[in-house]
>>> print(open('my_file_8.cif').read())   # mmCIF, C-alpha atoms
data_upload
loop_
_atom_site.label_atom_id
_atom_site.label_comp_id
_atom_site.auth_asym_id
_atom_site.auth_seq_id
_atom_site.Cartn_x
_atom_site.Cartn_y
_atom_site.Cartn_z
CA MET E 1371 -181.26 -179.27 111.86
CA PRO E 1372 -177.88 -179.08 110.10
CA TRP E 1373 -176.21 -175.86 109.10
CA PRO E 1374 -175.83 -175.06 106.27
CA PRO E 1375 -179.15 -176.64 105.19
CA ALA E 1376 -178.50 -179.41 102.67
CA VAL E 1377 -180.90 -178.04 100.06
CA SER E 1378 -180.54 -174.31 100.46
CA SER E 1379 -176.87 -173.80 101.40
CA ARG E 1380 -176.07 -172.43 97.96
CA ARG E 1381 -179.02 -170.09 98.17
CA VAL E 1382 -177.74 -168.91 101.53
CA ALA E 1383 -174.34 -168.32 99.94
CA LEU E 1384 -175.92 -166.25 97.16
CA VAL E 1385 -177.88 -164.19 99.69
CA ILE E 1386 -174.72 -163.49 101.70
CA TYR E 1387 -172.86 -162.67 98.49
CA GLY E 1388 -175.57 -160.24 97.40
CA LEU E 1389 -175.63 -158.62 100.84
CA ALA E 1390 -171.84 -158.22 100.86
CA LEU E 1391 -171.88 -156.72 97.38
CA LEU E 1392 -174.67 -154.31 98.35
CA VAL E 1393 -172.89 -153.17 101.52
CA TYR E 1394 -169.57 -152.86 99.67
CA ILE E 1395 -171.00 -150.78 96.82
CA THR E 1396 -173.06 -148.60 99.15
CA LEU E 1397 -170.14 -147.86 101.45
CA SER E 1398 -167.81 -147.20 98.53
CA GLY E 1399 -170.28 -144.77 97.00
CA LEU E 1400 -170.94 -142.90 100.23
CA LEU E 1401 -167.26 -142.61 101.11
CA SER E 1402 -166.39 -141.45 97.60
CA LEU E 1403 -169.10 -138.79 97.76
CA ALA E 1404 -167.61 -137.71 101.10
CA GLY E 1405 -164.34 -137.04 99.27
CA LEU E 1406 -162.23 -139.80 100.81
CA ASP E 1407 -159.20 -141.10 98.97
CA SER E 1408 -160.01 -144.13 96.79
CA ARG E 1409 -157.57 -146.33 98.72
CA VAL E 1410 -159.06 -145.36 102.08
CA THR E 1411 -162.52 -145.95 100.62
CA LEU E 1412 -161.48 -149.44 99.51
CA MET E 1413 -160.04 -150.35 102.92
CA VAL E 1414 -163.10 -149.19 104.88
CA ALA E 1415 -165.56 -150.82 102.46
CA GLN E 1416 -163.66 -154.13 102.58
CA PHE E 1417 -163.22 -154.15 106.33
CA LEU E 1418 -166.91 -153.47 106.95
CA GLY E 1419 -168.58 -155.02 103.91
CA LEU E 1420 -166.48 -158.18 103.59
CA LEU E 1421 -164.57 -158.99 106.78
CA GLY E 1422 -167.00 -157.34 109.21
CA LEU E 1423 -170.05 -158.89 107.60
CA SER E 1424 -168.43 -162.35 107.52
CA LEU E 1425 -167.45 -162.20 111.20
CA TRP E 1426 -170.86 -160.89 112.21
CA LEU E 1427 -172.69 -163.70 110.39
CA VAL E 1428 -170.45 -166.33 111.93
CA GLN E 1429 -171.02 -164.86 115.38
CA MET E 1430 -174.77 -164.86 114.76
CA MET E 1431 -174.57 -168.57 113.92
CA LYS E 1432 -172.38 -169.15 116.99
CA ILE E 1433 -169.72 -170.96 114.98
CA PRO E 1434 -166.14 -170.71 116.33
CA VAL E 1435 -164.25 -168.28 114.13
CA ARG E 1436 -161.20 -170.50 113.70
CA GLN E 1437 -163.37 -173.34 112.47
CA ALA E 1438 -165.65 -171.25 110.29
CA PHE E 1439 -162.77 -169.70 108.34
CA ALA E 1440 -160.34 -172.64 108.46
CA LEU E 1441 -157.80 -170.68 110.50
CA ARG E 1442 -155.57 -173.70 111.03
CA PRO E 1443 -151.85 -174.34 110.58
CA ALA E 1444 -150.90 -175.60 107.12
CA LYS E 1445 -147.98 -177.70 105.97
CA ALA E 1446 -145.01 -175.96 104.38
CA ILE E 1447 -145.78 -177.35 100.90
CA HIS E 1448 -148.88 -175.14 100.68
CA TYR E 1449 -146.89 -171.99 101.42
CA TYR E 1450 -144.28 -173.06 98.88
CA MET E 1451 -147.07 -173.35 96.33
CA ALA E 1452 -148.39 -169.91 97.24
CA MET E 1453 -144.95 -168.42 96.62
CA GLY E 1454 -143.89 -170.59 93.69
CA ALA E 1455 -147.01 -169.98 91.62
CA ALA E 1456 -147.20 -166.24 92.31
CA ILE E 1457 -145.18 -164.99 89.34
CA PRO E 1458 -146.52 -167.35 86.62
CA LEU E 1459 -150.07 -166.83 87.90
CA GLN E 1460 -149.82 -163.06 87.71
CA ALA E 1461 -147.98 -163.17 84.38
CA THR E 1462 -150.77 -165.32 82.97
CA GLY E 1463 -153.45 -163.02 84.34
CA GLY E 1464 -151.65 -159.91 83.12
CA ALA E 1465 -151.30 -161.32 79.61
CA MET E 1466 -154.97 -162.32 79.56
CA GLN E 1467 -156.05 -158.88 80.71
CA PHE E 1468 -153.90 -157.17 78.10
CA ALA E 1469 -155.27 -159.42 75.34
CA ILE E 1470 -158.87 -158.74 76.38
CA THR E 1471 -158.28 -154.99 76.72
CA ASN E 1472 -156.76 -154.82 73.25
CA GLN E 1473 -159.91 -156.31 71.77
CA LEU E 1474 -161.82 -153.20 72.84
CA PRO E 1475 -161.58 -150.00 70.78
CA GLU E 1476 -159.46 -147.29 72.40
CA ASN E 1477 -162.50 -145.01 72.53
CA SER E 1478 -164.66 -147.70 74.15
CA PRO E 1479 -166.48 -146.18 77.16
CA THR E 1480 -165.94 -149.38 79.17
CA ARG E 1481 -162.20 -149.42 78.46
CA GLN E 1482 -161.76 -145.72 79.20
CA MET E 1483 -163.74 -145.89 82.44
CA MET E 1484 -161.88 -148.93 83.75
CA GLU E 1485 -158.48 -147.52 82.81
CA GLU E 1486 -159.32 -144.21 84.49
CA ILE E 1487 -160.39 -145.95 87.71
CA VAL E 1488 -157.20 -148.04 87.80
CA GLN E 1489 -154.95 -145.06 87.05
CA GLN E 1490 -156.58 -143.02 89.80
CA PHE E 1491 -156.22 -145.89 92.26
CA VAL E 1492 -152.53 -146.61 91.58
CA ALA E 1493 -151.42 -142.98 91.26
CA THR E 1494 -148.84 -142.24 93.97
CA GLU E 1495 -147.20 -138.88 94.50
CA THR E 1496 -145.85 -139.34 98.02
CA ASN E 1497 -144.55 -142.17 100.18
CA PHE E 1498 -147.80 -142.01 102.12
CA ASP E 1499 -149.75 -142.65 98.91
CA LEU E 1500 -147.51 -145.63 98.24
CA LEU E 1501 -148.09 -146.99 101.75
CA MET E 1502 -151.85 -146.58 101.43
CA LEU E 1503 -151.81 -148.37 98.08
CA PHE E 1504 -149.88 -151.27 99.61
CA LEU E 1505 -152.22 -151.51 102.59
CA ALA E 1506 -155.39 -151.28 100.51
CA ALA E 1507 -154.49 -153.56 97.60
CA VAL E 1508 -152.16 -156.08 99.24
CA ILE E 1509 -152.93 -156.39 102.96
CA THR E 1510 -156.60 -155.43 103.29
CA ALA E 1511 -157.75 -157.03 100.05
CA ALA E 1512 -155.98 -160.31 100.78
CA ILE E 1513 -157.43 -160.67 104.27
CA CYS E 1514 -160.96 -159.36 103.77
CA GLU E 1515 -161.66 -161.04 100.43
CA GLU E 1516 -160.30 -164.37 101.62
CA PHE E 1517 -162.44 -164.39 104.75
CA LEU E 1518 -165.58 -163.90 102.68
CA PHE E 1519 -164.88 -165.86 99.48
CA ARG E 1520 -162.57 -168.70 100.50
CA GLY E 1521 -163.84 -168.75 104.08
CA LEU E 1522 -167.58 -168.31 104.54
CA LEU E 1523 -168.84 -168.69 100.96
CA LEU E 1524 -166.64 -171.62 99.98
CA ASN E 1525 -167.80 -173.55 103.04
CA LEU E 1526 -171.43 -172.92 102.13
CA LEU E 1527 -170.98 -173.74 98.45
CA ARG E 1528 -169.25 -177.06 99.07
CA HIS E 1529 -171.96 -178.39 101.36
CA ARG E 1530 -173.42 -181.48 99.65
CA GLY E 1531 -172.17 -180.17 96.30
CA GLY E 1532 -168.54 -181.13 96.74
CA TRP E 1533 -165.32 -179.21 96.30
CA ILE E 1534 -165.04 -178.99 92.52
CA SER E 1535 -168.39 -177.29 91.96
CA ALA E 1536 -167.73 -175.05 94.97
CA ILE E 1537 -164.34 -173.99 93.58
CA ILE E 1538 -165.88 -173.09 90.22
CA ALA E 1539 -168.85 -171.26 91.76
CA SER E 1540 -166.70 -169.28 94.20
CA ALA E 1541 -164.33 -168.30 91.38
CA VAL E 1542 -167.24 -166.99 89.30
CA LEU E 1543 -168.65 -165.01 92.22
CA PHE E 1544 -165.19 -163.63 93.00
CA ALA E 1545 -164.72 -162.46 89.40
CA LEU E 1546 -168.17 -160.85 89.24
CA PHE E 1547 -167.59 -159.06 92.55
CA HIS E 1548 -164.84 -156.94 90.98
CA LEU E 1549 -167.40 -155.29 88.69
CA ASN E 1550 -164.90 -155.06 85.84
CA PRO E 1551 -165.68 -157.05 82.66
CA ILE E 1552 -162.09 -156.69 81.46
CA VAL E 1553 -160.69 -158.72 84.37
CA LEU E 1554 -163.40 -161.39 84.65
CA LEU E 1555 -161.23 -164.17 83.22
CA PRO E 1556 -157.92 -163.44 85.03
CA VAL E 1557 -159.65 -162.74 88.35
CA GLY E 1558 -161.71 -165.91 87.97
CA LEU E 1559 -158.47 -167.84 87.41
CA VAL E 1560 -156.99 -166.38 90.59
CA GLY E 1561 -160.18 -167.16 92.52
CA ALA E 1562 -160.14 -170.80 91.43
CA TYR E 1563 -156.46 -171.16 92.33
CA LEU E 1564 -157.01 -169.70 95.81
CA ALA E 1565 -159.96 -172.03 96.40
CA VAL E 1566 -157.80 -175.02 95.41
CA LEU E 1567 -155.23 -173.93 98.00
CA VAL E 1568 -157.92 -174.04 100.70
CA TRP E 1569 -159.15 -177.42 99.41
CA ARG E 1570 -155.69 -178.94 99.61
CA SER E 1571 -154.36 -177.23 102.73
CA ASP E 1572 -157.57 -177.09 104.77
CA SER E 1573 -156.38 -173.67 105.84
CA LEU E 1574 -157.11 -170.09 104.83
CA TYR E 1575 -153.55 -168.90 105.55
CA PRO E 1576 -151.88 -170.10 102.30
CA ALA E 1577 -154.68 -168.46 100.29
CA ILE E 1578 -154.21 -165.16 102.14
CA LEU E 1579 -150.47 -165.29 101.42
CA ALA E 1580 -151.04 -166.18 97.76
CA HIS E 1581 -153.62 -163.42 97.35
CA GLY E 1582 -151.33 -160.82 98.86
CA LEU E 1583 -148.39 -161.91 96.70
CA ASN E 1584 -150.56 -161.85 93.57
CA ASN E 1585 -151.64 -158.27 94.21
CA LEU E 1586 -148.14 -157.22 95.24
CA ILE E 1587 -146.64 -158.52 92.00
CA ALA E 1588 -149.46 -157.00 89.93
CA LEU E 1589 -148.91 -153.53 91.39
CA PHE E 1590 -145.22 -153.35 92.18
CA GLY E 1591 -143.51 -156.13 90.24
CA LEU E 1592 -145.06 -156.92 86.89
CA PRO E 1593 -145.18 -153.30 85.61
CA LEU E 1594 -141.38 -153.13 86.03
CA ILE E 1595 -140.92 -156.19 83.78
CA PHE E 1596 -143.72 -156.02 81.23
CA ASN E 1597 -144.93 -152.74 79.76
CA GLU E 1598 -147.38 -152.17 76.92
CA THR E 1599 -144.64 -152.39 74.28
CA THR E 1600 -143.38 -155.72 75.64
CA TYR E 1601 -146.87 -157.18 75.74
CA THR E 1602 -147.59 -155.99 72.19
CA LYS E 1603 -144.44 -157.60 70.78
CA HIS E 1604 -144.32 -160.79 72.85
CA LEU E 1605 -147.87 -161.34 74.13
CA TRP E 1606 -148.30 -164.94 72.97
CA LEU E 1607 -144.79 -165.91 74.05
CA ILE E 1608 -145.39 -164.45 77.53
CA MET E 1609 -148.78 -166.15 77.76
CA GLY E 1610 -147.46 -169.50 76.53
CA VAL E 1611 -144.49 -169.58 78.90
CA SER E 1612 -146.49 -168.38 81.90
CA ILE E 1613 -149.39 -170.79 81.33
CA THR E 1614 -147.02 -173.73 80.83
CA THR E 1615 -145.06 -172.86 83.98
CA LEU E 1616 -148.23 -172.41 86.00
CA ALA E 1617 -149.64 -175.72 84.75
CA VAL E 1618 -146.45 -177.62 85.65
CA VAL E 1619 -146.30 -176.13 89.14
CA PHE E 1620 -150.02 -176.66 89.69
CA LEU E 1621 -150.05 -180.29 88.56
CA ALA E 1622 -146.98 -181.05 90.69
CA TYR E 1623 -148.76 -179.51 93.68
CA LEU E 1624 -151.87 -181.63 93.12
CA ARG E 1625 -149.70 -184.71 92.79
CA VAL E 1626 -147.90 -184.29 96.11
CA THR E 1627 -150.87 -183.12 98.20
CA GLU E 1628 -154.10 -184.70 99.35
CA PRO E 1629 -157.61 -183.20 99.32
CA SER E 1630 -158.85 -181.83 102.60
CA ARG E 1631 -160.22 -184.47 104.95
CA GLN E 1632 -161.43 -182.05 107.58
CA GLU E 1633 -165.10 -182.18 108.36
CA GLY E 1634 -167.33 -179.35 107.23
CA TRP E 1635 -169.15 -177.14 109.67
CA ARG E 1636 -172.76 -177.20 110.73
CA GLU E 1637 -174.85 -176.02 113.61
CA ASP E 1638 -177.44 -177.70 115.76
CA LEU E 1639 -180.55 -175.71 116.59
CA ASP E 1640 -182.31 -175.85 119.90
CA SER E 1641 -184.81 -173.64 121.61
CA ASN E 1642 -182.18 -171.26 122.94
CA SER E 1643 -179.22 -171.00 120.60
CA ILE E 1644 -177.32 -172.16 117.55
CA GLU E 1645 -174.31 -174.27 118.38
CA GLY E 1646 -171.81 -174.47 115.53
CA ARG E 1647 -169.65 -177.42 114.82
CA PHE E 1648 -168.15 -179.21 111.84
CA THR E 1649 -169.51 -182.25 110.06
CA ASN E 1650 -168.47 -184.21 107.00
CA ASP E 1651 -169.53 -182.74 103.64
CA TYR E 1652 -168.50 -185.61 101.42
#
>>> encode(input="my_file_8.cif", output="structure tokens")
Amino acid sequence: MPWPPAVSSRRVALVIYGLALLVYITLSGLLSLAGLDSRVTLMVAQFLGLLGLSLWLVQMMKIPVRQAFALRPAKAIHYYMAMGAAIPLQATGGAMQFAITNQLPENSPTRQMMEEIVQQFVATETNFDLLMLFLAAVITAAICEEFLFRGLLLNLLRHRGGWISAIIASAVLFALFHLNPIVLLPVGLVGAYLAVLVWRSDSLYPAILAHGLNNLIALFGLPLIFNETTYTKHLWLIMGVSITTLAVVFLAYLRVTEPSRQEGWREDLDSNSIEGRFTNDY
């Protein structure tokens, strides 16, 4: 019997997604009630609810970790893409988020709640706070989210359905996971881009690098360049330039790279154990 099952692999992905979301929300709530710092809460919830759960499920299926999460070397072009698209990608996402936020009234409960959560999370009074913010938002988020979304879930979603539908589905799930309606579109864009990197590189490493750079620029780079006044005056110029630049870089990347030809993973069942291996999903 192949793993993932040809008919139900997407259902399995949704079950795993729901379980990860439940564990993540539950842990976050419990740790917040315990009075832990929001950045520590995020790190623990992601390590246990995303990375820990993904590794545990793969071990239960007896699939080699390196194969299950595409932990393979990638060609230099994929790392160049991760670095070259970082600024236009984040500029595009930042402009989108600002445009969406501005459509909501200033006294909107949703807008006020989301802005309060973000302000509390990014507030830094000491160097230790700054370090914790970097670890939580850049390092931990990039590793843990990639293992779940572009590792385990993307592999499940592409089984029999192909890469394109899997990229779209994983991007939607990734956006919904953030539980913030204001960032659905920009986060979905980032999720699709990261999935394309895995598709073309057959490796999770470029996506981890790109994810970390995206968050790094969002927290420590973009606010130094674009503030609310700049966005208000030049929003459509910023969006136009960033989208055009991103499109040019992205199309050039697709032109010079080939889709992944690695075989997808499956497991064979016998009376004693589940032996994981990879098989073609095309």
>>> resolve_selection(input="my_file_8.cif", expression="the PyMOL selection byres ((chain E and resi 1544-1549) around 10)", output="number ranges by chain")
E: 1387-1388, 1390-1391, 1394-1395, 1484, 1515-1516, 1518-1520, 1538-1543, 1550-1562
>>> atom_distance(input="my_file_8.cif", atom1="atom CA of E:Gly1405", atom2="atom CA of E:Phe1504")
20.3 Å
>>> closest_residue(input="my_file_8.cif", among="E:Ile1534, E:Leu1522, E:Val1626, E:Val1435", to="E:Ile1447", atoms="all atoms listed in the file")
E:Val1626
>>> closest_residue(input="my_file_8.cif", among="E:Ala1617, E:Leu1459, E:Leu1412, E:Ala1452", to="E:Ala1506", atoms="all atoms listed in the file")
E:Leu1412
>>> closest_residue(input="my_file_8.cif", among="E:Phe1439, E:Phe1620, E:Phe1491, E:Phe1498", to="E:Leu1526", atoms="only C-alpha atoms")
E:Phe1439
>>> closest_residue(input="my_file_8.cif", among="E:Tyr1575, E:Lys1445, E:Gly1419, E:Asp1407", to="E:Asp1499", atoms="only C-alpha atoms")
E:Asp1407
>>> atom_distance(input="my_file_8.cif", atom1="atom CA of E:Leu1441", atom2="atom CA of E:Gly1521")
9.0 Å
>>> atom_distance(input="my_file_8.cif", atom1="atom CA of E:Thr1602", atom2="atom CA of E:Gln1490")
23.6 Å
>>> residues_around(input="my_file_8.cif", residues="E:Val1414", least_positions_apart="6", cutoff="12 Å", atoms="only C-alpha atoms", output="list of chain:residue names")
E:Val1393, E:Tyr1394, E:Ile1395, E:Thr1396, E:Leu1397, E:Ser1398, E:Gly1399, E:Leu1400, E:Leu1401, E:Ser1402, E:Leu1406, E:Asp1407, E:Ser1408, E:Leu1420, E:Leu1421, E:Gly1422, E:Leu1505, E:Ala1506, E:Thr1510, E:Ala1511, E:Cys1514
>>> resolve_selection(input="my_file_8.cif", expression="the PyMOL selection byres ((chain E and resi 1533) around 9)", output="VMD selection string")
chain E and resid 1524 1527 to 1529 1531 to 1532 1534 to 1538 1565 to 1566 1569 1652
>>> closest_residue(input="my_file_8.cif", among="E:Thr1411, E:Thr1600, E:Ser1379, E:Gln1460", to="E:Ala1580", atoms="all atoms listed in the file")
E:Gln1460
>>> resolve_selection(input="my_file_8.cif", expression="the PyMOL selection byres ((chain E and resi 1609-1615) around 6)", output="ChimeraX atom specification")
/E:1458,1461-1462,1465,1606-1608,1616-1618
>>> write_last_selection(input="my_file_8.cif", atoms="C-alpha atoms", output="short mmCIF file (atom, residue, chain, number, x, y, z; two decimals), keeping the file's coordinate frame")
data_model
loop_
_atom_site.label_atom_id
_atom_site.label_comp_id
_atom_site.auth_asym_id
_atom_site.auth_seq_id
_atom_site.Cartn_x
_atom_site.Cartn_y
_atom_site.Cartn_z
CA PRO E 1458 -146.52 -167.35 86.62
CA ALA E 1461 -147.98 -163.17 84.38
CA THR E 1462 -150.77 -165.32 82.97
CA ALA E 1465 -151.30 -161.32 79.61
CA TRP E 1606 -148.30 -164.94 72.97
CA LEU E 1607 -144.79 -165.91 74.05
CA ILE E 1608 -145.39 -164.45 77.53
CA LEU E 1616 -148.23 -172.41 86.00
CA ALA E 1617 -149.64 -175.72 84.75
CA VAL E 1618 -146.45 -177.62 85.65
#
>>> residues_around(input="my_file_8.cif", residues="E:Arg1436", least_positions_apart="6", cutoff="10 Å", atoms="all atoms listed in the file", output="number ranges by chain")
E: 1442, 1573-1574
>>> write_last_selection(input="my_file_8.cif", atoms="C-alpha atoms", output="short mmCIF file (atom, residue, chain, number, x, y, z; two decimals), keeping the file's coordinate frame")
data_model
loop_
_atom_site.label_atom_id
_atom_site.label_comp_id
_atom_site.auth_asym_id
_atom_site.auth_seq_id
_atom_site.Cartn_x
_atom_site.Cartn_y
_atom_site.Cartn_z
CA ARG E 1442 -155.57 -173.70 111.03
CA SER E 1573 -156.38 -173.67 105.84
CA LEU E 1574 -157.11 -170.09 104.83
#
>>> axis_aligned_box(input="my_file_8.cif", around="stretch 1604-1622 of chain E", padding_each_side="8 Å", output="AutoDock Vina command-line options")
--center_x -147.2 --center_y -170.9 --center_z 81.8 --size_x 21.7 --size_y 36.3 --size_z 33.8
>>> closest_residue(input="my_file_8.cif", among="E:Arg1570, E:Ala1455, E:His1448, E:Ile1386", to="E:Trp1426", atoms="all atoms listed in the file")
E:Ile1386
>>> residues_near_point(input="my_file_8.cif", point="(-150.9, -159.4, 93.6)", cutoff="9 Å", atoms="only C-alpha atoms", output="NGL selection string")
:E and (1456 or 1460 or 1507-1508 or 1512 or 1580-1591)
>>> write_last_selection(input="my_file_8.cif", atoms="C-alpha atoms", output="PDB file, in the frame of the given file")
ATOM      1  CA  ALA E1456    -147.200-166.240  92.310  1.00  0.00           C
ATOM      2  CA  GLN E1460    -149.820-163.060  87.710  1.00  0.00           C
ATOM      3  CA  ALA E1507    -154.490-153.560  97.600  1.00  0.00           C
ATOM      4  CA  VAL E1508    -152.160-156.080  99.240  1.00  0.00           C
ATOM      5  CA  ALA E1512    -155.980-160.310 100.780  1.00  0.00           C
ATOM      6  CA  ALA E1580    -151.040-166.180  97.760  1.00  0.00           C
ATOM      7  CA  HIS E1581    -153.620-163.420  97.350  1.00  0.00           C
ATOM      8  CA  GLY E1582    -151.330-160.820  98.860  1.00  0.00           C
ATOM      9  CA  LEU E1583    -148.390-161.910  96.700  1.00  0.00           C
ATOM     10  CA  ASN E1584    -150.560-161.850  93.570  1.00  0.00           C
ATOM     11  CA  ASN E1585    -151.640-158.270  94.210  1.00  0.00           C
ATOM     12  CA  LEU E1586    -148.140-157.220  95.240  1.00  0.00           C
ATOM     13  CA  ILE E1587    -146.640-158.520  92.000  1.00  0.00           C
ATOM     14  CA  ALA E1588    -149.460-157.000  89.930  1.00  0.00           C
ATOM     15  CA  LEU E1589    -148.910-153.530  91.390  1.00  0.00           C
ATOM     16  CA  PHE E1590    -145.220-153.350  92.180  1.00  0.00           C
ATOM     17  CA  GLY E1591    -143.510-156.130  90.240  1.00  0.00           C
TER      18      GLY E1591
END
>>> decode(input="my_file_8.cif", residues="stretch 1500-1553 of chain E", atoms="C-alpha atoms", output="PDB file, in the first residue's frame")
ATOM      1  CA  LEU E1500      16.137  42.174  20.409  1.00  0.00           C
ATOM      2  CA  LEU E1501      17.910  38.811  20.425  1.00  0.00           C
ATOM      3  CA  MET E1502      14.728  36.980  21.383  1.00  0.00           C
ATOM      4  CA  LEU E1503      12.815  38.742  18.614  1.00  0.00           C
ATOM      5  CA  PHE E1504      15.460  37.699  16.084  1.00  0.00           C
ATOM      6  CA  LEU E1505      15.462  34.091  17.273  1.00  0.00           C
ATOM      7  CA  ALA E1506      11.672  33.809  17.383  1.00  0.00           C
ATOM      8  CA  ALA E1507      10.742  35.570  14.148  1.00  0.00           C
ATOM      9  CA  VAL E1508      13.744  34.820  11.929  1.00  0.00           C
ATOM     10  CA  ILE E1509      15.427  31.583  13.010  1.00  0.00           C
ATOM     11  CA  THR E1510      12.686  29.548  14.689  1.00  0.00           C
ATOM     12  CA  ALA E1511       9.893  30.595  12.343  1.00  0.00           C
ATOM     13  CA  ALA E1512      11.942  29.890   9.221  1.00  0.00           C
ATOM     14  CA  ILE E1513      12.962  26.398  10.317  1.00  0.00           C
ATOM     15  CA  CYS E1514       9.788  25.178  12.007  1.00  0.00           C
ATOM     16  CA  GLU E1515       7.295  26.533   9.475  1.00  0.00           C
ATOM     17  CA  GLU E1516       9.304  25.232   6.536  1.00  0.00           C
ATOM     18  CA  PHE E1517       9.540  21.724   7.951  1.00  0.00           C
ATOM     19  CA  LEU E1518       5.765  21.545   8.300  1.00  0.00           C
ATOM     20  CA  PHE E1519       4.480  23.515   5.295  1.00  0.00           C
ATOM     21  CA  ARG E1520       7.106  23.081   2.577  1.00  0.00           C
ATOM     22  CA  GLY E1521       8.298  19.750   3.956  1.00  0.00           C
ATOM     23  CA  LEU E1522       5.610  17.389   5.201  1.00  0.00           C
ATOM     24  CA  LEU E1523       2.441  19.076   3.896  1.00  0.00           C
ATOM     25  CA  LEU E1524       3.761  19.975   0.450  1.00  0.00           C
ATOM     26  CA  ASN E1525       4.844  16.370  -0.103  1.00  0.00           C
ATOM     27  CA  LEU E1526       1.389  15.131   0.845  1.00  0.00           C
ATOM     28  CA  LEU E1527      -0.460  17.726  -1.221  1.00  0.00           C
ATOM     29  CA  ARG E1528       1.494  17.056  -4.406  1.00  0.00           C
ATOM     30  CA  HIS E1529       0.842  13.322  -4.380  1.00  0.00           C
ATOM     31  CA  ARG E1530      -1.161  12.545  -7.533  1.00  0.00           C
ATOM     32  CA  GLY E1531      -2.315  16.170  -7.661  1.00  0.00           C
ATOM     33  CA  GLY E1532       0.880  17.630  -9.076  1.00  0.00           C
ATOM     34  CA  TRP E1533       3.023  20.550  -8.035  1.00  0.00           C
ATOM     35  CA  ILE E1534       0.918  23.512  -9.137  1.00  0.00           C
ATOM     36  CA  SER E1535      -2.172  22.585  -7.128  1.00  0.00           C
ATOM     37  CA  ALA E1536       0.047  21.646  -4.176  1.00  0.00           C
ATOM     38  CA  ILE E1537       1.802  25.030  -4.288  1.00  0.00           C
ATOM     39  CA  ILE E1538      -1.527  26.868  -4.281  1.00  0.00           C
ATOM     40  CA  ALA E1539      -3.035  24.705  -1.535  1.00  0.00           C
ATOM     41  CA  SER E1540       0.029  24.960   0.711  1.00  0.00           C
ATOM     42  CA  ALA E1541       0.104  28.746   0.248  1.00  0.00           C
ATOM     43  CA  VAL E1542      -3.545  29.020   1.308  1.00  0.00           C
ATOM     44  CA  LEU E1543      -2.986  26.829   4.366  1.00  0.00           C
ATOM     45  CA  PHE E1544       0.125  28.816   5.265  1.00  0.00           C
ATOM     46  CA  ALA E1545      -1.782  32.113   5.075  1.00  0.00           C
ATOM     47  CA  LEU E1546      -4.702  30.804   7.146  1.00  0.00           C
ATOM     48  CA  PHE E1547      -2.326  29.440   9.784  1.00  0.00           C
ATOM     49  CA  HIS E1548      -1.252  32.973  10.722  1.00  0.00           C
ATOM     50  CA  LEU E1549      -4.782  33.732  11.964  1.00  0.00           C
ATOM     51  CA  ASN E1550      -4.572  37.329  10.770  1.00  0.00           C
ATOM     52  CA  PRO E1551      -7.012  38.412   8.024  1.00  0.00           C
ATOM     53  CA  ILE E1552      -4.940  41.515   7.301  1.00  0.00           C
ATOM     54  CA  VAL E1553      -1.923  39.496   6.121  1.00  0.00           C
TER      55      VAL E1553
END
